[in-house]
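Asker: Structure file input06.tsv (TSV, C-alpha atoms) is given on the next line.
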```
chain	number	residue	atom	x	y	z
A	1	MET	CA	4.27	20.25	4.88
A	2	LYS	CA	5.95	22.50	2.28
A	3	ARG	CA	7.85	19.55	0.83
A	4	PHE	CA	4.67	17.55	0.61
A	5	LEU	CA	2.79	20.29	-1.22
A	6	LEU	CA	5.68	20.86	-3.60
A	7	SER	CA	5.81	17.15	-4.35
A	8	LEU	CA	2.05	17.24	-5.01
A	9	ILE	CA	2.46	20.02	-7.55
A	10	LEU	CA	5.30	18.22	-9.31
A	11	MET	CA	3.18	15.13	-9.57
A	12	CYS	CA	0.21	16.85	-11.24
A	13	PRO	CA	1.26	16.38	-14.91
A	14	PHE	CA	0.94	12.65	-14.49
A	15	SER	CA	-2.34	10.98	-14.91
A	16	SER	CA	-3.06	7.37	-14.54
A	17	THR	CA	-5.51	4.59	-14.48
A	18	ALA	CA	-6.69	2.09	-12.07
A	19	PHE	CA	-6.79	1.72	-8.41
A	20	SER	CA	-3.94	-0.44	-7.30
A	21	HIS	CA	-1.22	-1.19	-4.86
A	22	PRO	CA	1.22	-2.82	-7.25
A	23	THR	CA	3.44	-4.01	-4.38
A	24	SER	CA	2.81	-4.51	-0.68
A	25	TYR	CA	4.81	-5.85	2.24
A	26	LYS	CA	6.99	-8.90	1.66
A	27	GLY	CA	4.91	-12.06	1.55
A	28	ALA	CA	1.61	-10.24	1.12
A	29	LEU	CA	-1.14	-11.52	-1.11
A	30	GLY	CA	-3.26	-8.69	-2.49
A	31	VAL	CA	-6.62	-8.78	-4.24
A	32	MET	CA	-7.79	-5.63	-6.01
A	33	SER	CA	-11.00	-5.07	-7.88
A	34	TRP	CA	-12.06	-2.00	-9.88
A	35	ASN	CA	-15.60	-1.87	-11.23
A	36	GLN	CA	-17.32	0.60	-13.53
A	37	PRO	CA	-19.96	-0.01	-16.23
A	38	TRP	CA	-17.36	0.32	-19.02
A	39	LEU	CA	-14.26	-1.01	-17.20
A	40	SER	CA	-13.37	-3.81	-14.80
A	41	ASP	CA	-9.85	-4.45	-13.62
A	42	TYR	CA	-8.89	-7.29	-11.30
A	43	TRP	CA	-5.47	-7.98	-9.85
A	44	VAL	CA	-4.18	-10.73	-7.62
A	45	THR	CA	-0.68	-9.87	-6.53
A	46	TYR	CA	1.98	-11.63	-4.54
A	47	SER	CA	4.76	-9.43	-3.19
A	48	PHE	CA	7.79	-11.68	-2.96
A	49	ARG	CA	9.73	-8.59	-1.90
A	50	SER	CA	8.50	-5.31	-0.52
A	51	ASP	CA	9.52	-3.70	-3.83
A	52	MET	CA	8.52	-6.44	-6.30
A	53	ALA	CA	5.43	-8.46	-6.99
A	54	LEU	CA	3.94	-10.85	-9.48
A	55	ALA	CA	0.34	-10.35	-10.45
A	56	ALA	CA	-2.39	-12.07	-12.39
A	57	ARG	CA	-4.58	-9.49	-14.07
A	58	TYR	CA	-7.87	-9.42	-15.95
A	59	MET	CA	-9.43	-6.39	-17.59
A	60	ARG	CA	-12.79	-5.93	-19.28
A	61	MET	CA	-13.30	-2.82	-21.39
A	62	GLU	CA	-16.39	-1.80	-23.30
A	63	MET	CA	-15.46	-0.29	-26.67
A	64	PRO	CA	-17.51	0.85	-29.64
A	65	GLY	CA	-16.36	-2.35	-31.39
A	66	GLY	CA	-17.49	-4.60	-28.55
A	67	ARG	CA	-16.19	-6.01	-25.31
A	68	PHE	CA	-12.42	-6.21	-25.04
A	69	GLU	CA	-10.85	-8.56	-22.51
A	70	VAL	CA	-7.26	-8.95	-21.45
A	71	TYR	CA	-5.73	-11.52	-19.13
A	72	MET	CA	-2.08	-11.67	-18.30
A	73	PRO	CA	0.65	-12.23	-15.76
A	74	GLN	CA	2.28	-8.99	-14.73
A	75	PHE	CA	5.46	-7.92	-13.01
A	76	ASP	CA	5.23	-4.97	-10.62
A	77	ILE	CA	8.09	-3.00	-9.19
A	78	LEU	CA	8.38	-0.23	-6.64
A	79	ALA	CA	10.97	1.88	-8.42
A	80	LYS	CA	11.39	4.48	-5.71
A	81	ARG	CA	9.96	5.22	-2.28
A	82	TRP	CA	10.37	8.21	-0.05
A	83	ASN	CA	9.69	7.41	3.59
A	84	GLU	CA	9.55	10.77	5.31
A	85	LYS	CA	8.28	11.67	8.74
A	86	GLU	CA	5.04	13.24	7.50
A	87	PHE	CA	4.49	11.53	4.15
A	88	GLN	CA	5.31	8.63	1.90
A	89	GLY	CA	5.88	8.93	-1.85
A	90	ASN	CA	6.08	6.08	-4.34
A	91	ILE	CA	6.82	5.43	-7.97
A	92	TYR	CA	5.70	2.09	-9.36
A	93	GLY	CA	6.14	0.47	-12.73
A	94	TYR	CA	4.50	-2.62	-14.13
A	95	ALA	CA	4.43	-4.63	-17.32
A	96	GLY	CA	2.75	-7.72	-18.60
A	97	ILE	CA	2.10	-9.79	-21.69
A	98	GLY	CA	-0.81	-12.09	-22.23
A	99	GLY	CA	-4.00	-12.87	-24.10
A	100	ALA	CA	-6.59	-10.50	-25.52
A	101	GLN	CA	-9.98	-10.94	-27.07
A	102	ILE	CA	-12.46	-8.61	-28.72
A	103	ARG	CA	-15.76	-10.24	-29.70
A	104	SER	CA	-14.64	-13.64	-30.99
A	105	GLU	CA	-11.28	-12.42	-32.24
A	106	LYS	CA	-8.36	-13.62	-30.10
A	107	GLY	CA	-4.84	-12.38	-29.92
A	108	SER	CA	-2.24	-11.16	-27.49
A	109	ALA	CA	-1.39	-7.89	-25.76
A	110	ILE	CA	1.52	-6.21	-24.11
A	111	LEU	CA	0.88	-3.72	-21.36
A	112	GLY	CA	2.94	-1.27	-19.35
A	113	GLY	CA	2.24	1.42	-16.83
A	114	ILE	CA	3.80	3.90	-14.45
A	115	GLU	CA	2.11	5.07	-11.28
A	116	ALA	CA	3.17	7.67	-8.72
A	117	ASP	CA	1.51	8.55	-5.47
A	118	ILE	CA	2.15	10.66	-2.42
A	119	GLU	CA	0.28	10.50	0.83
A	120	SER	CA	0.25	12.09	4.23
A	121	ARG	CA	-2.24	11.31	6.97
A	122	SER	CA	-4.71	13.75	5.49
A	123	LEU	CA	-3.77	14.39	1.83
A	124	PHE	CA	-3.43	12.01	-1.08
A	125	ALA	CA	-2.51	12.30	-4.75
A	126	LEU	CA	-2.02	9.66	-7.42
A	127	GLY	CA	-1.20	9.79	-11.11
A	128	LYS	CA	-0.82	7.01	-13.61
A	129	ILE	CA	-0.27	6.34	-17.29
A	130	GLU	CA	-1.06	2.97	-18.83
A	131	LEU	CA	-0.56	1.77	-22.36
A	132	MET	CA	-1.63	-1.50	-23.92
A	133	ARG	CA	-0.82	-2.68	-27.41
A	134	PRO	CA	-2.88	-5.68	-28.51
A	135	THR	CA	-2.69	-7.69	-31.71
A	136	VAL	CA	-6.48	-7.42	-31.96
A	137	GLY	CA	-8.36	-4.17	-31.46
A	138	GLU	CA	-6.92	-0.73	-30.91
A	139	ILE	CA	-4.07	0.56	-28.78
A	140	PHE	CA	-5.43	1.37	-25.34
A	141	ARG	CA	-4.28	4.43	-23.44
A	142	HIS	CA	-5.49	5.21	-19.98
A	143	TYR	CA	-4.70	8.29	-17.95
A	144	GLU	CA	-5.82	9.06	-14.45
A	145	ILE	CA	-5.40	11.47	-11.59
A	146	LYS	CA	-6.83	10.96	-8.12
A	147	LEU	CA	-6.81	13.49	-5.29
A	148	GLY	CA	-8.01	12.92	-1.78
A	149	VAL	CA	-8.47	14.51	1.61
A	150	ALA	CA	-9.20	12.84	4.93
A	151	PRO	CA	-11.81	14.57	7.11
A	152	TYR	CA	-10.05	13.18	10.17
A	153	GLU	CA	-6.75	11.40	10.84
A	154	ALA	CA	-7.61	7.84	11.78
A	155	GLU	CA	-5.39	5.86	14.07
A	156	PHE	CA	-4.03	2.45	13.17
A	157	ASN	CA	-6.99	0.36	14.31
A	158	GLU	CA	-9.71	2.84	13.42
A	159	ILE	CA	-11.81	3.07	10.27
A	160	ALA	CA	-10.19	5.62	8.00
A	161	SER	CA	-12.29	7.74	5.65
A	162	TRP	CA	-11.30	9.76	2.64
A	163	PHE	CA	-13.03	12.01	0.13
A	164	MET	CA	-11.55	11.47	-3.32
A	165	VAL	CA	-11.97	12.97	-6.76
A	166	GLN	CA	-10.84	10.93	-9.72
A	167	TYR	CA	-10.38	11.96	-13.33
A	168	GLN	CA	-9.83	9.26	-15.94
A	169	HIS	CA	-9.31	9.53	-19.67
A	170	HIS	CA	-9.32	6.58	-22.06
A	171	PRO	CA	-10.02	7.71	-25.64
A	172	ILE	CA	-11.03	4.36	-27.14
A	173	LEU	CA	-13.53	3.16	-24.56
A	174	LEU	CA	-17.29	3.75	-24.76
A	175	LYS	CA	-16.80	6.31	-22.04
A	176	LYS	CA	-13.88	8.47	-23.06
A	177	GLN	CA	-13.50	10.27	-19.77
A	178	ALA	CA	-15.11	10.52	-16.38
A	179	ILE	CA	-14.91	12.60	-13.26
A	180	THR	CA	-15.96	10.65	-10.19
A	181	PRO	CA	-16.20	11.81	-6.60
A	182	LEU	CA	-15.56	8.87	-4.29
A	183	VAL	CA	-15.59	8.01	-0.65
A	184	ARG	CA	-12.90	5.64	0.51
A	185	PHE	CA	-12.83	3.65	3.71
A	186	PHE	CA	-10.29	1.26	5.06
A	187	TYR	CA	-10.01	-0.78	8.19
A	188	ARG	CA	-7.15	-3.12	8.98
A	189	ASN	CA	-6.47	-5.00	5.73
A	190	VAL	CA	-9.68	-4.12	3.86
A	191	LEU	CA	-10.19	-1.07	1.66
A	192	TRP	CA	-13.27	-0.12	-0.27
A	193	GLU	CA	-14.28	2.95	-2.18
A	194	THR	CA	-17.41	3.86	-4.05
A	195	GLY	CA	-18.89	6.76	-5.92
A	196	VAL	CA	-20.97	7.96	-8.83
A	197	SER	CA	-19.47	9.90	-11.73
A	198	LEU	CA	-20.79	13.29	-12.78
A	199	ASP	CA	-22.55	11.40	-15.61
A	200	GLY	CA	-24.28	9.04	-13.18
A	201	ASP	CA	-22.06	5.96	-13.60
A	202	TYR	CA	-21.28	3.87	-10.53
A	203	GLN	CA	-17.86	2.86	-9.33
A	204	LEU	CA	-16.99	0.29	-6.69
A	205	ASN	CA	-13.42	-0.68	-5.83
A	206	LEU	CA	-12.24	-3.20	-3.28
A	207	MET	CA	-8.83	-4.17	-2.01
A	208	PHE	CA	-7.66	-6.75	0.50
A	209	HIS	CA	-4.25	-7.91	1.49
A	210	PHE	CA	-3.35	-10.93	3.58
B	1	MET	CA	30.34	-16.88	53.46
B	2	LYS	CA	29.33	-13.24	53.19
B	3	LYS	CA	31.16	-12.97	49.89
B	4	ILE	CA	29.43	-16.02	48.52
B	5	PHE	CA	26.05	-14.71	49.66
B	6	LEU	CA	26.77	-11.31	48.14
B	7	TYR	CA	27.89	-12.95	44.91
B	8	ILE	CA	24.68	-14.99	44.71
B	9	VAL	CA	22.49	-11.94	45.37
B	10	LEU	CA	24.31	-9.88	42.74
B	11	SER	CA	24.13	-12.69	40.18
B	12	LEU	CA	20.44	-13.17	40.77
B	13	SER	CA	19.68	-9.46	40.35
B	14	VAL	CA	21.62	-9.32	37.09
B	15	PHE	CA	20.05	-12.55	35.87
B	16	SER	CA	16.55	-11.49	36.90
B	17	THR	CA	16.69	-8.35	34.72
B	18	GLN	CA	17.10	-10.66	31.73
B	19	LEU	CA	13.85	-12.42	32.69
B	20	PHE	CA	11.76	-9.26	32.48
B	21	ALA	CA	9.91	-8.37	29.30
B	22	LYS	CA	11.39	-5.47	27.40
B	23	GLU	CA	9.69	-2.59	25.71
B	24	LEU	CA	11.15	-1.08	22.56
B	25	LYS	CA	10.00	2.12	20.91
B	26	ILE	CA	10.77	2.35	17.23
B	27	HIS	CA	10.45	5.66	15.41
B	28	VAL	CA	9.36	4.87	11.84
B	29	ASN	CA	9.26	7.10	8.77
B	30	GLY	CA	6.61	6.80	6.06
B	31	MET	CA	3.98	5.32	8.36
B	32	VAL	CA	1.00	7.46	7.34
B	33	CYS	CA	-1.65	4.88	6.47
B	34	GLY	CA	-3.14	2.14	8.63
B	35	PHE	CA	-3.97	-0.04	5.63
B	36	CYS	CA	-0.39	0.12	4.40
B	37	ALA	CA	1.05	-0.51	7.87
B	38	GLN	CA	-0.75	-3.80	8.47
B	39	GLY	CA	2.37	-5.65	7.45
B	40	ILE	CA	4.16	-4.27	10.51
B	41	THR	CA	1.91	-5.99	13.03
B	42	LYS	CA	1.74	-9.13	10.95
B	43	LYS	CA	5.52	-9.44	10.69
B	44	PHE	CA	6.26	-8.68	14.33
B	45	ASN	CA	3.44	-10.84	15.67
B	46	ALA	CA	4.99	-13.75	13.81
B	47	ARG	CA	8.19	-13.43	15.86
B	48	ALA	CA	8.57	-15.76	18.83
B	49	GLU	CA	10.24	-13.01	20.91
B	50	ILE	CA	7.33	-10.58	20.64
B	51	SER	CA	4.31	-10.57	22.90
B	52	LYS	CA	2.70	-7.33	21.75
B	53	VAL	CA	2.89	-4.80	18.93
B	54	ASP	CA	1.36	-1.32	19.06
B	55	VAL	CA	1.34	1.04	16.12
B	56	ASN	CA	0.73	4.73	16.70
B	57	LEU	CA	0.41	6.68	13.44
B	58	LYS	CA	0.21	10.06	15.14
B	59	GLU	CA	3.50	9.58	16.98
B	60	LYS	CA	5.05	7.56	14.11
B	61	LEU	CA	5.86	4.93	16.69
B	62	VAL	CA	5.88	1.15	16.78
B	63	THR	CA	6.08	-0.18	20.35
B	64	LEU	CA	7.19	-3.75	20.85
B	65	SER	CA	6.87	-5.74	24.04
B	66	THR	CA	9.04	-8.80	24.23
B	67	LYS	CA	8.26	-11.97	26.08
B	68	GLU	CA	9.98	-12.59	29.38
B	69	GLY	CA	13.60	-13.47	28.92
B	70	LYS	CA	13.45	-12.70	25.19
B	71	ASP	CA	14.96	-9.97	23.10
B	72	ILE	CA	15.05	-8.92	19.48
B	73	LYS	CA	18.10	-7.45	17.78
B	74	ASP	CA	18.11	-4.01	16.22
B	75	GLU	CA	19.12	-5.44	12.85
B	76	ASP	CA	16.15	-7.81	12.93
B	77	ILE	CA	13.85	-4.88	13.69
B	78	ARG	CA	15.27	-2.87	10.80
B	79	SER	CA	14.98	-5.85	8.46
B	80	ILE	CA	11.36	-6.50	9.42
B	81	LEU	CA	10.38	-2.88	8.92
B	82	LYS	CA	12.22	-2.76	5.62
B	83	ASP	CA	10.27	-5.84	4.48
B	84	ALA	CA	7.11	-4.06	5.58
B	85	GLY	CA	8.10	-1.11	3.37
B	86	PHE	CA	9.21	1.44	5.95
B	87	ALA	CA	12.35	3.07	7.28
B	88	VAL	CA	13.55	3.10	10.89
B	89	GLU	CA	14.65	6.45	12.26
B	90	LYS	CA	15.50	5.42	15.81
B	91	ILE	CA	15.14	2.51	18.24
B	92	GLU	CA	14.75	3.19	21.96
B	93	ARG	CA	15.12	0.43	24.49
B	94	ASN	CA	13.84	0.44	28.07
```
Once you've parsed the file, please lay out its structure as C-alpha cells.
Answerer:
Amino acid sequence: MKRFLLSLILMCPFSSTAFSHPTSYKGALGVMSWNQPWLSDYWVTYSFRSDMALAARYMRMEMPGGRFEVYMPQFDILAKRWNEKEFQGNIYGYAGIGGAQIRSEKGSAILGGIEADIESRSLFALGKIELMRPTVGEIFRHYEIKLGVAPYEAEFNEIASWFMVQYQHHPILLKKQAITPLVRFFYRNVLWETGVSLDGDYQLNLMFHF
Amino acid sequence: MKKIFLYIVLSLSVFSTQLFAKELKIHVNGMVCGFCAQGITKKFNARAEISKVDVNLKEKLVTLSTKEGKDIKDEDIRSILKDAGFAVEKIERN
C-alpha cells in the first residue's frame, strides 16, 4: 500500500490526454472512442505483442480557427510495466505521422505522447502528455491527469464501477481546460465512462477489446 | 500369476492417475482489473488441454482445470500469462 501511494505521488507531475489502452494482450483488437463537444479521439489498435501495438487514429478538435482533423497510423509501445501483488504500473509511449486538415487546408502532422498509469483494485491514477506538430494549423499540446477510486472491489465477472476526476489542458482548443467528474463501468471486455464537466460539457468514452 | 496380476493392478493405478483432470493454481502478479485480465481467459480457453479457467482477483489466482488425460507445461503457462501482460509468481499442481 505504501509503495502504491508513493508511486502515485511520483506520478502527479505528469498530465496527459486521452483515454486509451495503447497496448493490450497479444492478439487483441481494441476499439477506443473519446467524445467531448470540442474533442473526439478514436483508436483502433492491434496488439501484435503484449507490449507493442499498431493503431489507426482519428482526432477531431474544435479550435478558434475552425475544425482540425488528424488521421494517422500510430505505433504504441509499453515501455515499462510493474506487475506487483497489489498493483500494476505502466509507462506507454506512442508516435504517429499522417494527414491533417483545418477547414479546407490540408497537410500532415507528426504526433507523440507518453502515458503513465498505476492501478490497484480500488485506486487509479493516470497522467499523459501529448504533442502534435502539423504543417497546417498550430502546434497542439494536450495534458491530462485522471484519478479514480472504486466504491467496491469487483470480482472478475462482475460489473466494476469507478468514480473518476479528470483534468485536461489544451491551450489551443476552443475549450482550453476542463475538469470532469466521471463514472466508469466495465464488464468483461467492455468499458464505458461518462460525465459532465464543471462547465456543463458532456463526455462519453467507450472501449472494447476482442 | 500373482506377480503378473499385481503388475497389472499397479500399472492400471499409475495409468489411471494420468486420465484424471488436473487442477492448477497459478499465483499472478499485476492482476488488479477484470477488464485488463480478459486476455487470460481468452488465451487459456483457446488451449486444447484446458477445460475450465477461473480468475479470482481478490486471491490473485488463476485456476486451470485440464481435460482428462491432458496436461499443460509450466513454461506454456508462463508464456500465456506473459502474452496476456502479467507475471507468474507461483504454480501449484494438484
Asker: Compile the residues of chain B that lie within 10 Å of chain A, evaluated using only C-alpha atoms, and express the compilation as a ChimeraX atom specification.
Answerer: /B:27-40,42-43,54-60,80-89
Asker: Go ahead and save the picked residues with C-alpha atoms, as a PDB file, keeping the file's coordinate frame.
Answerer:
```
ATOM      1  CA  HIS B  27      10.450   5.660  15.410  1.00  0.00           C
ATOM      2  CA  VAL B  28       9.360   4.870  11.840  1.00  0.00           C
ATOM      3  CA  ASN B  29       9.260   7.100   8.770  1.00  0.00           C
ATOM      4  CA  GLY B  30       6.610   6.800   6.060  1.00  0.00           C
ATOM      5  CA  MET B  31       3.980   5.320   8.360  1.00  0.00           C
ATOM      6  CA  VAL B  32       1.000   7.460   7.340  1.00  0.00           C
ATOM      7  CA  CYS B  33      -1.650   4.880   6.470  1.00  0.00           C
ATOM      8  CA  GLY B  34      -3.140   2.140   8.630  1.00  0.00           C
ATOM      9  CA  PHE B  35      -3.970  -0.040   5.630  1.00  0.00           C
ATOM     10  CA  CYS B  36      -0.390   0.120   4.400  1.00  0.00           C
ATOM     11  CA  ALA B  37       1.050  -0.510   7.870  1.00  0.00           C
ATOM     12  CA  GLN B  38      -0.750  -3.800   8.470  1.00  0.00           C
ATOM     13  CA  GLY B  39       2.370  -5.650   7.450  1.00  0.00           C
ATOM     14  CA  ILE B  40       4.160  -4.270  10.510  1.00  0.00           C
ATOM     15  CA  LYS B  42       1.740  -9.130  10.950  1.00  0.00           C
ATOM     16  CA  LYS B  43       5.520  -9.440  10.690  1.00  0.00           C
ATOM     17  CA  ASP B  54       1.360  -1.320  19.060  1.00  0.00           C
ATOM     18  CA  VAL B  55       1.340   1.040  16.120  1.00  0.00           C
ATOM     19  CA  ASN B  56       0.730   4.730  16.700  1.00  0.00           C
ATOM     20  CA  LEU B  57       0.410   6.680  13.440  1.00  0.00           C
ATOM     21  CA  LYS B  58       0.210  10.060  15.140  1.00  0.00           C
ATOM     22  CA  GLU B  59       3.500   9.580  16.980  1.00  0.00           C
ATOM     23  CA  LYS B  60       5.050   7.560  14.110  1.00  0.00           C
ATOM     24  CA  ILE B  80      11.360  -6.500   9.420  1.00  0.00           C
ATOM     25  CA  LEU B  81      10.380  -2.880   8.920  1.00  0.00           C
ATOM     26  CA  LYS B  82      12.220  -2.760   5.620  1.00  0.00           C
ATOM     27  CA  ASP B  83      10.270  -5.840   4.480  1.00  0.00           C
ATOM     28  CA  ALA B  84       7.110  -4.060   5.580  1.00  0.00           C
ATOM     29  CA  GLY B  85       8.100  -1.110   3.370  1.00  0.00           C
ATOM     30  CA  PHE B  86       9.210   1.440   5.950  1.00  0.00           C
ATOM     31  CA  ALA B  87      12.350   3.070   7.280  1.00  0.00           C
ATOM     32  CA  VAL B  88      13.550   3.100  10.890  1.00  0.00           C
ATOM     33  CA  GLU B  89      14.650   6.450  12.260  1.00  0.00           C
TER      34      GLU B  89
END
```
Asker: Quick one, how far is atom CA of A:Lys146 from atom CA of A:Gly127?
Answerer: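 These two atoms are separated by 6.5 Å.
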Asker: Which residues are close to A:Asp117, i.e. within 9 Å by all atoms listed in the file, leaving aside same-chain residues fewer than 5 positions away? Reply as a PDB file with C-alpha atoms, in the coordinates of the input.
Answerer:
```
ATOM      1  CA  LEU A   8       2.050  17.240  -5.010  1.00  0.00           C
ATOM      2  CA  MET A  11       3.180  15.130  -9.570  1.00  0.00           C
ATOM      3  CA  GLN A  88       5.310   8.630   1.900  1.00  0.00           C
ATOM      4  CA  GLY A  89       5.880   8.930  -1.850  1.00  0.00           C
ATOM      5  CA  ASN A  90       6.080   6.080  -4.340  1.00  0.00           C
ATOM      6  CA  ILE A  91       6.820   5.430  -7.970  1.00  0.00           C
ATOM      7  CA  TYR A  92       5.700   2.090  -9.360  1.00  0.00           C
ATOM      8  CA  PHE A 124      -3.430  12.010  -1.080  1.00  0.00           C
ATOM      9  CA  ALA A 125      -2.510  12.300  -4.750  1.00  0.00           C
ATOM     10  CA  LEU A 126      -2.020   9.660  -7.420  1.00  0.00           C
ATOM     11  CA  GLY A 127      -1.200   9.790 -11.110  1.00  0.00           C
ATOM     12  CA  LYS A 128      -0.820   7.010 -13.610  1.00  0.00           C
TER      13      LYS A 128
END
```
Asker: Quick check, in Å to one decimal: how far apart do atom CA of A:Lys106 and atom CA of A:Tyr202 lie?
Answerer: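 That distance, rounded to one decimal, is 29.3 Å.
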Asker: Applying 12 Å and all atoms listed in the file, which residues near A:Ser104 remain after dropping the ones on its own chain fewer than 4 positions away? List them as an MDAnalysis selection string.
Answerer: chainID A and resid 65:69 100 136:137
Asker: Let's have the selection written as an mmCIF file, in the coordinates of the input, with C-alpha atoms.
Answerer:
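The resulting file, result-v3.cif, is reproduced below:
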```cif
data_model
loop_
_atom_site.group_PDB
_atom_site.id
_atom_site.type_symbol
_atom_site.label_atom_id
_atom_site.label_comp_id
_atom_site.auth_asym_id
_atom_site.auth_seq_id
_atom_site.Cartn_x
_atom_site.Cartn_y
_atom_site.Cartn_z
ATOM 1 C CA GLY A 65 -16.360 -2.350 -31.390
ATOM 2 C CA GLY A 66 -17.490 -4.600 -28.550
ATOM 3 C CA ARG A 67 -16.190 -6.010 -25.310
ATOM 4 C CA PHE A 68 -12.420 -6.210 -25.040
ATOM 5 C CA GLU A 69 -10.850 -8.560 -22.510
ATOM 6 C CA ALA A 100 -6.590 -10.500 -25.520
ATOM 7 C CA VAL A 136 -6.480 -7.420 -31.960
ATOM 8 C CA GLY A 137 -8.360 -4.170 -31.460
#
```
Asker: Can you list, as a ChimeraX atom specification, every protein, DNA or RNA residue that comes within 8 Å of A:Met132 when you count only C-alpha atoms, leaving out same-chain residues fewer than 4 positions away?
Answerer: /A:109-112,139-141
Asker: Take atom CA of A:Asp41 and atom CA of A:Tyr71 and report the distance between them in Å, one decimal.
Answerer: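 Interatomic distance here is 9.9 Å.
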Asker: Find, counting all atoms listed in the file, the residue in B:Lys3, B:Arg47, B:Lys25, B:Arg78 that gets nearest to B:Leu61.
Answerer: B:Lys25
Asker: Add whatever atoms are absent from stretch 44-60 of chain B to reach N, CA and C atoms, and provide the output as a short mmCIF file (atom, residue, chain, number, x, y, z; two decimals), keeping the file's coordinate frame.
Answerer:
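Result file is rebuild.cif:
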```cif
data_model
loop_
_atom_site.label_atom_id
_atom_site.label_comp_id
_atom_site.auth_asym_id
_atom_site.auth_seq_id
_atom_site.Cartn_x
_atom_site.Cartn_y
_atom_site.Cartn_z
N PHE B 44 5.76 -8.60 12.96
CA PHE B 44 6.26 -8.68 14.33
C PHE B 44 5.50 -9.71 15.15
N ASN B 45 4.21 -9.84 14.92
CA ASN B 45 3.44 -10.84 15.67
C ASN B 45 3.87 -12.26 15.34
N ALA B 46 4.50 -12.42 14.21
CA ALA B 46 4.99 -13.75 13.81
C ALA B 46 6.31 -14.12 14.51
N ARG B 47 6.90 -13.19 15.20
CA ARG B 47 8.19 -13.43 15.86
C ARG B 47 7.95 -14.04 17.23
N ALA B 48 8.73 -15.06 17.56
CA ALA B 48 8.57 -15.76 18.83
C ALA B 48 8.92 -14.88 20.02
N GLU B 49 9.79 -13.86 19.79
CA GLU B 49 10.24 -13.01 20.91
C GLU B 49 9.19 -11.98 21.32
N ILE B 50 8.23 -11.74 20.44
CA ILE B 50 7.33 -10.58 20.64
C ILE B 50 6.00 -10.99 21.24
N SER B 51 5.61 -10.27 22.30
CA SER B 51 4.31 -10.57 22.90
C SER B 51 3.25 -9.57 22.46
N LYS B 52 3.69 -8.36 22.09
CA LYS B 52 2.70 -7.33 21.75
C LYS B 52 3.30 -6.30 20.81
N VAL B 53 2.47 -5.84 19.87
CA VAL B 53 2.89 -4.80 18.93
C VAL B 53 1.84 -3.70 18.95
N ASP B 54 2.27 -2.47 19.14
CA ASP B 54 1.36 -1.32 19.06
C ASP B 54 1.87 -0.37 18.01
N VAL B 55 0.96 0.08 17.15
CA VAL B 55 1.34 1.04 16.12
C VAL B 55 0.60 2.34 16.39
N ASN B 56 1.32 3.41 16.47
CA ASN B 56 0.73 4.73 16.70
C ASN B 56 1.12 5.62 15.52
N LEU B 57 0.13 5.90 14.65
CA LEU B 57 0.41 6.68 13.44
C LEU B 57 0.70 8.14 13.77
N LYS B 58 0.02 8.65 14.78
CA LYS B 58 0.21 10.06 15.14
C LYS B 58 1.64 10.32 15.61
N GLU B 59 2.13 9.42 16.44
CA GLU B 59 3.50 9.58 16.98
C GLU B 59 4.55 8.96 16.08
N LYS B 60 4.14 8.28 15.02
CA LYS B 60 5.05 7.56 14.11
C LYS B 60 5.88 6.54 14.88
#
```
